[in-house]
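This is data01.pdb (PDB, C-alpha atoms).
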ATOM      1  CA  MET A   1       0.000   0.000   0.000
ATOM      2  CA  THR A   2       1.286   3.421  -0.940
ATOM      3  CA  ASN A   3      -0.136   6.858  -0.280
ATOM      4  CA  LYS A   4      -0.822   7.266  -4.014
ATOM      5  CA  LEU A   5      -3.556   5.770  -6.137
ATOM      6  CA  VAL A   6      -4.012   5.677  -9.895
ATOM      7  CA  ALA A   7      -7.748   5.404 -10.612
ATOM      8  CA  TYR A   8      -8.839   5.232 -14.215
ATOM      9  CA  PHE A   9     -11.712   4.649 -16.600
ATOM     10  CA  SER A  10     -10.822   3.240 -20.003
ATOM     11  CA  ALA A  11     -13.442   2.593 -22.660
ATOM     12  CA  SER A  12     -11.121   1.196 -25.331
ATOM     13  CA  GLY A  13      -7.932   0.242 -23.471
ATOM     14  CA  VAL A  14      -5.842   3.314 -24.320
ATOM     15  CA  THR A  15      -6.212   5.011 -20.923
ATOM     16  CA  LYS A  16      -5.632   1.670 -19.180
ATOM     17  CA  GLU A  17      -2.159   1.383 -20.723
ATOM     18  CA  VAL A  18      -1.211   4.882 -19.567
ATOM     19  CA  ALA A  19      -2.617   4.163 -16.087
ATOM     20  CA  GLN A  20      -0.612   0.954 -15.748
ATOM     21  CA  ASN A  21       2.611   2.755 -16.669
ATOM     22  CA  LEU A  22       1.759   5.651 -14.349
ATOM     23  CA  ALA A  23       1.134   3.286 -11.429
ATOM     24  CA  LYS A  24       4.615   1.830 -11.961
ATOM     25  CA  ALA A  25       6.193   5.270 -12.324
ATOM     26  CA  ALA A  26       4.497   6.722  -9.235
ATOM     27  CA  LYS A  27       4.813   3.516  -7.213
ATOM     28  CA  ALA A  28       1.068   3.760  -6.724
ATOM     29  CA  ASP A  29      -1.793   1.350  -6.240
ATOM     30  CA  ILE A  30      -4.158   1.014  -9.184
ATOM     31  CA  PHE A  31      -7.961   0.979  -9.359
ATOM     32  CA  GLU A  32     -10.138   0.508 -12.425
ATOM     33  CA  ILE A  33     -13.418   2.420 -12.618
ATOM     34  CA  GLU A  34     -15.719  -0.066 -14.305
ATOM     35  CA  PRO A  35     -19.165   0.712 -15.685
ATOM     36  CA  LYS A  36     -21.856  -1.657 -14.477
ATOM     37  CA  GLU A  37     -22.826  -2.004 -18.126
ATOM     38  CA  PRO A  38     -19.658  -2.119 -20.286
ATOM     39  CA  TYR A  39     -19.514   0.190 -23.282
ATOM     40  CA  THR A  40     -19.737  -1.402 -26.720
ATOM     41  CA  GLU A  41     -18.225  -0.012 -29.895
ATOM     42  CA  ALA A  42     -21.686   1.220 -30.911
ATOM     43  CA  ASP A  43     -22.062   2.943 -27.514
ATOM     44  CA  LEU A  44     -18.880   4.910 -28.191
ATOM     45  CA  ASN A  45     -19.828   6.112 -31.674
ATOM     46  CA  TRP A  46     -19.645   9.868 -31.108
ATOM     47  CA  MET A  47     -20.976  10.502 -34.619
ATOM     48  CA  ASP A  48     -24.303   8.879 -33.660
ATOM     49  CA  LYS A  49     -26.264  11.372 -31.559
ATOM     50  CA  ASN A  50     -28.298   8.461 -30.159
ATOM     51  CA  SER A  51     -25.293   6.409 -29.046
ATOM     52  CA  ARG A  52     -25.014   5.766 -25.326
ATOM     53  CA  SER A  53     -21.969   8.012 -24.875
ATOM     54  CA  SER A  54     -23.609  10.849 -26.824
ATOM     55  CA  VAL A  55     -26.798  10.626 -24.770
ATOM     56  CA  GLU A  56     -24.825  10.568 -21.494
ATOM     57  CA  MET A  57     -22.619  13.490 -22.444
ATOM     58  CA  ASN A  58     -25.595  15.590 -23.566
ATOM     59  CA  ASP A  59     -27.010  15.318 -20.031
ATOM     60  CA  LYS A  60     -24.289  16.501 -17.653
ATOM     61  CA  ASN A  61     -26.406  15.285 -14.704
ATOM     62  CA  PHE A  62     -26.405  11.698 -15.979
ATOM     63  CA  ARG A  63     -24.445   9.311 -13.748
ATOM     64  CA  PRO A  64     -23.674   5.914 -15.298
ATOM     65  CA  GLU A  65     -23.626   3.196 -12.679
ATOM     66  CA  ILE A  66     -20.245   1.788 -11.727
ATOM     67  CA  VAL A  67     -19.219  -1.520 -10.242
ATOM     68  CA  GLU A  68     -18.783  -0.624  -6.573
ATOM     69  CA  LYS A  69     -15.633  -2.050  -5.039
ATOM     70  CA  ASP A  70     -13.948  -1.739  -1.693
ATOM     71  CA  LEU A  71     -11.823   1.379  -1.871
ATOM     72  CA  ASP A  72     -10.628   2.970   1.342
ATOM     73  CA  THR A  73      -9.651   6.456   0.239
ATOM     74  CA  ASP A  74      -8.308   7.181   3.740
ATOM     75  CA  ASP A  75      -5.175   5.322   2.676
ATOM     76  CA  TYR A  76      -4.304   7.856  -0.027
ATOM     77  CA  ASP A  77      -3.160  11.480  -0.123
ATOM     78  CA  THR A  78      -2.822  11.746  -3.887
ATOM     79  CA  ILE A  79      -5.124  10.263  -6.506
ATOM     80  CA  PHE A  80      -4.112  10.299 -10.155
ATOM     81  CA  LEU A  81      -7.414  10.178 -12.009
ATOM     82  CA  GLY A  82      -7.397   9.137 -15.661
ATOM     83  CA  PHE A  83      -9.997   8.988 -18.407
ATOM     84  CA  PRO A  84     -10.490   9.567 -22.115
ATOM     85  CA  ILE A  85     -11.685  13.048 -23.091
ATOM     86  CA  TRP A  86     -15.274  12.947 -24.344
ATOM     87  CA  TRP A  87     -16.813  16.110 -25.757
ATOM     88  CA  TYR A  88     -13.956  18.218 -24.311
ATOM     89  CA  VAL A  89     -14.472  17.035 -20.715
ATOM     90  CA  ALA A  90     -14.291  13.927 -18.560
ATOM     91  CA  PRO A  91     -17.003  11.319 -19.182
ATOM     92  CA  THR A  92     -19.893  11.494 -16.697
ATOM     93  CA  ILE A  93     -18.780   8.142 -15.223
ATOM     94  CA  ILE A  94     -15.918  10.103 -13.604
ATOM     95  CA  ASN A  95     -18.501  12.186 -11.717
ATOM     96  CA  THR A  96     -20.128   8.929 -10.591
ATOM     97  CA  PHE A  97     -16.775   7.753  -9.208
ATOM     98  CA  LEU A  98     -16.059  11.054  -7.445
ATOM     99  CA  GLU A  99     -19.528  11.076  -5.875
ATOM    100  CA  THR A 100     -19.304   7.423  -4.756
ATOM    101  CA  TYR A 101     -16.126   7.643  -2.672
ATOM    102  CA  ASP A 102     -14.857  10.217  -0.157
ATOM    103  CA  PHE A 103     -12.092  12.438  -1.514
ATOM    104  CA  SER A 104     -12.075  14.988   1.317
ATOM    105  CA  ASN A 105      -8.651  16.520   1.933
ATOM    106  CA  LYS A 106      -7.106  14.761  -1.071
ATOM    107  CA  THR A 107      -5.163  15.992  -4.061
ATOM    108  CA  ILE A 108      -6.506  14.743  -7.359
ATOM    109  CA  VAL A 109      -4.210  15.023 -10.361
ATOM    110  CA  LEU A 110      -5.979  14.515 -13.655
ATOM    111  CA  PHE A 111      -4.526  12.745 -16.654
ATOM    112  CA  ALA A 112      -6.365  12.042 -19.842
ATOM    113  CA  THR A 113      -6.053  10.477 -23.249
ATOM    114  CA  SER A 114      -7.410  12.038 -26.377
ATOM    115  CA  GLY A 115      -7.212  11.809 -30.096
ATOM    116  CA  GLY A 116      -6.945  15.553 -30.383
ATOM    117  CA  SER A 117      -9.051  17.628 -27.996
ATOM    118  CA  GLY A 118      -7.713  19.143 -24.795
ATOM    119  CA  PHE A 119      -8.990  19.209 -21.207
ATOM    120  CA  GLY A 120     -11.447  21.979 -22.041
ATOM    121  CA  GLY A 121     -13.476  22.804 -18.928
ATOM    122  CA  THR A 122     -12.815  19.466 -17.204
ATOM    123  CA  VAL A 123     -11.590  20.844 -13.868
ATOM    124  CA  GLU A 124     -14.574  23.171 -13.488
ATOM    125  CA  TYR A 125     -16.913  20.412 -14.654
ATOM    126  CA  LEU A 126     -15.644  17.971 -11.978
ATOM    127  CA  LYS A 127     -15.434  20.396  -9.016
ATOM    128  CA  PRO A 128     -19.138  20.130  -8.064
ATOM    129  CA  SER A 129     -18.659  16.365  -7.585
ATOM    130  CA  LEU A 130     -15.948  16.929  -4.957
ATOM    131  CA  PRO A 131     -15.849  18.257  -1.403
ATOM    132  CA  ASP A 132     -14.481  21.804  -1.023
ATOM    133  CA  SER A 133     -11.460  20.388   0.829
ATOM    134  CA  THR A 134     -10.269  18.524  -2.273
ATOM    135  CA  THR A 135      -7.553  19.993  -4.454
ATOM    136  CA  ILE A 136      -7.953  19.164  -8.144
ATOM    137  CA  VAL A 137      -5.098  19.719 -10.577
ATOM    138  CA  GLU A 138      -5.233  19.637 -14.367
ATOM    139  CA  GLY A 139      -2.369  17.291 -14.990
ATOM    140  CA  GLU A 140      -1.413  16.045 -18.420
ATOM    141  CA  LEU A 141      -3.085  15.089 -21.654
ATOM    142  CA  PHE A 142      -1.441  12.106 -23.326
ATOM    143  CA  ASN A 143      -1.991  11.643 -27.045
ATOM    144  CA  TYR A 144       0.437   8.720 -26.921
ATOM    145  CA  ASN A 145       1.364   5.971 -24.468
ATOM    146  CA  PRO A 146       4.235   7.462 -22.445
ATOM    147  CA  SER A 147       6.955   5.216 -21.092
ATOM    148  CA  VAL A 148       7.368   4.520 -17.393
ATOM    149  CA  GLU A 149      10.514   6.667 -17.496
ATOM    150  CA  ASP A 150       8.660   9.621 -19.070
ATOM    151  CA  LEU A 151       5.958   9.316 -16.423
ATOM    152  CA  GLU A 152       8.533   9.160 -13.614
ATOM    153  CA  GLU A 153       9.796  12.557 -14.821
ATOM    154  CA  TRP A 154       6.258  13.926 -15.002
ATOM    155  CA  VAL A 155       5.438  12.756 -11.464
ATOM    156  CA  LYS A 156       8.726  14.194 -10.175
ATOM    157  CA  ASP A 157       7.975  17.544 -11.859
ATOM    158  CA  LEU A 158       4.589  17.689 -10.081
ATOM    159  CA  LYS A 159       6.411  18.045  -6.731
ATOM    160  CA  LEU A 160       3.666  16.321  -4.770
TER     161      LEU A 160
END
Would you kindly transcribe this structure into structure tokens?
Amino acid sequence: MTNKLVAYFSASGVTKEVAQNLAKAAKADIFEIEPKEPYTEADLNWMDKNSRSSVEMNDKNFRPEIVEKDLDTDDYDTIFLGFPIWWYVAPTIINTFLETYDFSNKTIVLFATSGGSGFGGTVEYLKPSLPDSTTIVEGELFNYNPSVEDLEEWVKDLKL
């Protein structure tokens, strides 16, 4: 057990690879945020306005159910939170995760994967799902799978 946790949601496996390397680099525990109903390729078709992901992202109050697991957040000071960027923000399943567990007095460092868009308003979008005592930091957007060594440098540069 370390005082750092890498928690991530990955719809296609890209974010999972980054999270696994980050957990090694930060010497952190790892936790997968899993939807109760896994996303299919059709669900992720952003060009279909009726696809599951499109419907969820059009309703910012929507909270997809997650598989609830034992996670004692008291054990962690820093949580690296990763996800793919959907519609210029974190998917609503990240809000579900943040509202399910207690992140009081924690530092959350975001990391994301994207084919081209940036963080947009992600930090402001996630703040209402967190206690006021939580610090949230826009970390890094990875458009590639960084090596463990690259991520060690990134973590070191954060000065946590």
Residue nearest Tyr144 in chain A among A:Ala26, A:Val67, A:Val55, A:Val14 (counting only C-alpha atoms)
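Comparing A:Ala26, A:Val67, A:Val55, A:Val14 against Tyr144 in chain A, the winner is A:Val14.
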May I have the protein, DNA and RNA residues with an atom at most 12 Å from (-9.4, 17.1, -10.4), counting only C-alpha atoms in the file's coordinates, returned as a ChimeraX atom specification?
/A:7,78-83,89-90,94-95,97-98,103,106-112,119,121-140
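CA of Pro35 in chain A lies 9.2 Å from CA of Ala11 in chain A.
Here the question is which of A:Ile30, A:Leu5, A:Ala25, A:Ala19 gets nearest to Asp150 in chain A using only C-alpha atoms, and that residue is A:Ala25.
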Surrounding residues of Ser147 in chain A excluding itself and chain neighbours under 6 positions, 12 Å, all atoms listed in the file, as a PyMOL selection string:
chain A and resi 17-25+153-154
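Interatomic distance, CA of Lys4 in chain A against CA of Lys27 in chain A: 7.5 Å.
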I'd like to see the residues matched by the PyMOL selection byres ((chain A and resi 118) around 8) on this file, and ideally I'd get them as a list in words.
Ile85, Tyr88, Ser114, Gly116, Ser117, Phe119, Gly120 and Leu141 of chain A
State, in Å with one decimal place, the distance from CA of Asn50 in chain A to CA of Lys16 in chain A.
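According to the coordinates, CA of Asn50 in chain A and CA of Lys16 in chain A are separated by 26.1 Å.
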Exercise: Glu34 in chain A partners within 9 Å, all atoms listed in the file, chain neighbours under 4 positions left out, as a list in words
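My reading of the contact set: Tyr8, Phe9, Ser10, Pro38, Glu65, Ile66, Val67, Glu68 and Ile93 of chain A.
Using all atoms listed in the file, the shortest contact distance between Ala28 in chain A and any of A:Asp77, A:Leu44, A:Lys60, A:Asp157 is found at A:Asp77.
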Which neighbours of Met57 in chain A fall inside 8 Å, counting all atoms listed in the file, when residues of the same chain fewer than 6 positions from it are skipped, and could you give them as a PDB file with C-alpha atoms, in the frame of the given file?
ATOM      1  CA  TRP A  86     -15.274  12.947 -24.344  1.00  0.00           C
ATOM      2  CA  TRP A  87     -16.813  16.110 -25.757  1.00  0.00           C
ATOM      3  CA  PRO A  91     -17.003  11.319 -19.182  1.00  0.00           C
ATOM      4  CA  THR A  92     -19.893  11.494 -16.697  1.00  0.00           C
TER       5      THR A  92
END
In the coordinate frame of the file, compute which residues have an atom within 9 Å of (-8.0, 3.4, -1.6) when using only C-alpha atoms, and state them as a VMD selection string.
chain A and resid 1 3 to 5 29 to 31 70 to 76 79
Would you mind completing range 20-45 of chain A to N, CA, C and O atoms and writing the output as a PDB file, keeping the file's coordinate frame?
ATOM      1  N   GLN A  20      -1.509   2.009 -16.219  1.00  0.00           N
ATOM      2  CA  GLN A  20      -0.612   0.954 -15.748  1.00  0.00           C
ATOM      3  C   GLN A  20       0.830   1.457 -15.679  1.00  0.00           C
ATOM      4  O   GLN A  20       1.532   1.195 -14.701  1.00  0.00           O
ATOM      5  N   ASN A  21       1.256   2.193 -16.694  1.00  0.00           N
ATOM      6  CA  ASN A  21       2.611   2.755 -16.669  1.00  0.00           C
ATOM      7  C   ASN A  21       2.754   3.806 -15.577  1.00  0.00           C
ATOM      8  O   ASN A  21       3.787   3.883 -14.906  1.00  0.00           O
ATOM      9  N   LEU A  22       1.718   4.617 -15.385  1.00  0.00           N
ATOM     10  CA  LEU A  22       1.759   5.651 -14.349  1.00  0.00           C
ATOM     11  C   LEU A  22       1.828   5.023 -12.965  1.00  0.00           C
ATOM     12  O   LEU A  22       2.570   5.500 -12.096  1.00  0.00           O
ATOM     13  N   ALA A  23       1.090   3.960 -12.735  1.00  0.00           N
ATOM     14  CA  ALA A  23       1.134   3.286 -11.429  1.00  0.00           C
ATOM     15  C   ALA A  23       2.546   2.792 -11.135  1.00  0.00           C
ATOM     16  O   ALA A  23       3.032   2.911 -10.001  1.00  0.00           O
ATOM     17  N   LYS A  24       3.216   2.266 -12.143  1.00  0.00           N
ATOM     18  CA  LYS A  24       4.615   1.830 -11.961  1.00  0.00           C
ATOM     19  C   LYS A  24       5.509   3.030 -11.671  1.00  0.00           C
ATOM     20  O   LYS A  24       6.332   3.006 -10.760  1.00  0.00           O
ATOM     21  N   ALA A  25       5.342   4.082 -12.460  1.00  0.00           N
ATOM     22  CA  ALA A  25       6.193   5.270 -12.324  1.00  0.00           C
ATOM     23  C   ALA A  25       6.018   5.956 -10.973  1.00  0.00           C
ATOM     24  O   ALA A  25       6.993   6.413 -10.378  1.00  0.00           O
ATOM     25  N   ALA A  26       4.798   6.023 -10.492  1.00  0.00           N
ATOM     26  CA  ALA A  26       4.497   6.722  -9.235  1.00  0.00           C
ATOM     27  C   ALA A  26       4.562   5.799  -8.029  1.00  0.00           C
ATOM     28  O   ALA A  26       4.345   6.243  -6.907  1.00  0.00           O
ATOM     29  N   LYS A  27       4.830   4.524  -8.290  1.00  0.00           N
ATOM     30  CA  LYS A  27       4.813   3.516  -7.213  1.00  0.00           C
ATOM     31  C   LYS A  27       3.491   3.602  -6.450  1.00  0.00           C
ATOM     32  O   LYS A  27       3.443   3.712  -5.233  1.00  0.00           O
ATOM     33  N   ALA A  28       2.417   3.562  -7.246  1.00  0.00           N
ATOM     34  CA  ALA A  28       1.068   3.760  -6.724  1.00  0.00           C
ATOM     35  C   ALA A  28       0.235   2.496  -6.883  1.00  0.00           C
ATOM     36  O   ALA A  28       0.502   1.658  -7.745  1.00  0.00           O
ATOM     37  N   ASP A  29      -0.790   2.393  -6.061  1.00  0.00           N
ATOM     38  CA  ASP A  29      -1.793   1.350  -6.240  1.00  0.00           C
ATOM     39  C   ASP A  29      -2.631   1.731  -7.460  1.00  0.00           C
ATOM     40  O   ASP A  29      -2.645   2.892  -7.877  1.00  0.00           O
ATOM     41  N   ILE A  30      -3.356   0.752  -7.988  1.00  0.00           N
ATOM     42  CA  ILE A  30      -4.158   1.014  -9.184  1.00  0.00           C
ATOM     43  C   ILE A  30      -5.587   0.531  -8.967  1.00  0.00           C
ATOM     44  O   ILE A  30      -5.808  -0.465  -8.257  1.00  0.00           O
ATOM     45  N   PHE A  31      -6.536   1.269  -9.536  1.00  0.00           N
ATOM     46  CA  PHE A  31      -7.961   0.979  -9.359  1.00  0.00           C
ATOM     47  C   PHE A  31      -8.678   1.280 -10.662  1.00  0.00           C
ATOM     48  O   PHE A  31      -8.590   2.399 -11.177  1.00  0.00           O
ATOM     49  N   GLU A  32      -9.386   0.296 -11.189  1.00  0.00           N
ATOM     50  CA  GLU A  32     -10.138   0.508 -12.425  1.00  0.00           C
ATOM     51  C   GLU A  32     -11.578   0.901 -12.111  1.00  0.00           C
ATOM     52  O   GLU A  32     -12.261   0.231 -11.334  1.00  0.00           O
ATOM     53  N   ILE A  33     -12.027   1.986 -12.713  1.00  0.00           N
ATOM     54  CA  ILE A  33     -13.418   2.420 -12.618  1.00  0.00           C
ATOM     55  C   ILE A  33     -14.161   1.680 -13.725  1.00  0.00           C
ATOM     56  O   ILE A  33     -13.919   1.923 -14.906  1.00  0.00           O
ATOM     57  N   GLU A  34     -15.030   0.777 -13.329  1.00  0.00           N
ATOM     58  CA  GLU A  34     -15.719  -0.066 -14.305  1.00  0.00           C
ATOM     59  C   GLU A  34     -17.207   0.275 -14.369  1.00  0.00           C
ATOM     60  O   GLU A  34     -17.877   0.324 -13.334  1.00  0.00           O
ATOM     61  N   PRO A  35     -17.716   0.486 -15.559  1.00  0.00           N
ATOM     62  CA  PRO A  35     -19.165   0.712 -15.685  1.00  0.00           C
ATOM     63  C   PRO A  35     -19.907  -0.586 -15.401  1.00  0.00           C
ATOM     64  O   PRO A  35     -19.423  -1.671 -15.742  1.00  0.00           O
ATOM     65  N   LYS A  36     -21.047  -0.470 -14.742  1.00  0.00           N
ATOM     66  CA  LYS A  36     -21.856  -1.657 -14.477  1.00  0.00           C
ATOM     67  C   LYS A  36     -22.254  -2.324 -15.792  1.00  0.00           C
ATOM     68  O   LYS A  36     -22.304  -3.539 -15.890  1.00  0.00           O
ATOM     69  N   GLU A  37     -22.527  -1.507 -16.787  1.00  0.00           N
ATOM     70  CA  GLU A  37     -22.826  -2.004 -18.126  1.00  0.00           C
ATOM     71  C   GLU A  37     -21.679  -1.562 -19.042  1.00  0.00           C
ATOM     72  O   GLU A  37     -21.555  -0.375 -19.362  1.00  0.00           O
ATOM     73  N   PRO A  38     -20.812  -2.500 -19.449  1.00  0.00           N
ATOM     74  CA  PRO A  38     -19.658  -2.119 -20.286  1.00  0.00           C
ATOM     75  C   PRO A  38     -20.094  -1.424 -21.576  1.00  0.00           C
ATOM     76  O   PRO A  38     -21.171  -1.690 -22.112  1.00  0.00           O
ATOM     77  N   TYR A  39     -19.253  -0.527 -22.040  1.00  0.00           N
ATOM     78  CA  TYR A  39     -19.514   0.190 -23.282  1.00  0.00           C
ATOM     79  C   TYR A  39     -19.144  -0.685 -24.474  1.00  0.00           C
ATOM     80  O   TYR A  39     -18.087  -1.302 -24.495  1.00  0.00           O
ATOM     81  N   THR A  40     -20.012  -0.689 -25.474  1.00  0.00           N
ATOM     82  CA  THR A  40     -19.737  -1.402 -26.720  1.00  0.00           C
ATOM     83  C   THR A  40     -19.173  -0.397 -27.727  1.00  0.00           C
ATOM     84  O   THR A  40     -19.212   0.825 -27.492  1.00  0.00           O
ATOM     85  N   GLU A  41     -18.715  -0.898 -28.846  1.00  0.00           N
ATOM     86  CA  GLU A  41     -18.225  -0.012 -29.895  1.00  0.00           C
ATOM     87  C   GLU A  41     -19.341   0.925 -30.368  1.00  0.00           C
ATOM     88  O   GLU A  41     -19.117   2.114 -30.587  1.00  0.00           O
ATOM     89  N   ALA A  42     -20.544   0.390 -30.495  1.00  0.00           N
ATOM     90  CA  ALA A  42     -21.686   1.220 -30.911  1.00  0.00           C
ATOM     91  C   ALA A  42     -21.986   2.301 -29.867  1.00  0.00           C
ATOM     92  O   ALA A  42     -22.340   3.427 -30.221  1.00  0.00           O
ATOM     93  N   ASP A  43     -21.835   1.969 -28.581  1.00  0.00           N
ATOM     94  CA  ASP A  43     -22.062   2.943 -27.514  1.00  0.00           C
ATOM     95  C   ASP A  43     -21.112   4.133 -27.614  1.00  0.00           C
ATOM     96  O   ASP A  43     -21.435   5.237 -27.188  1.00  0.00           O
ATOM     97  N   LEU A  44     -19.926   3.889 -28.144  1.00  0.00           N
ATOM     98  CA  LEU A  44     -18.880   4.910 -28.191  1.00  0.00           C
ATOM     99  C   LEU A  44     -18.854   5.694 -29.496  1.00  0.00           C
ATOM    100  O   LEU A  44     -17.990   6.545 -29.688  1.00  0.00           O
ATOM    101  N   ASN A  45     -19.799   5.442 -30.371  1.00  0.00           N
ATOM    102  CA  ASN A  45     -19.828   6.112 -31.674  1.00  0.00           C
ATOM    103  C   ASN A  45     -20.283   7.559 -31.491  1.00  0.00           C
ATOM    104  O   ASN A  45     -21.482   7.860 -31.498  1.00  0.00           O
TER     105      ASN A  45
END
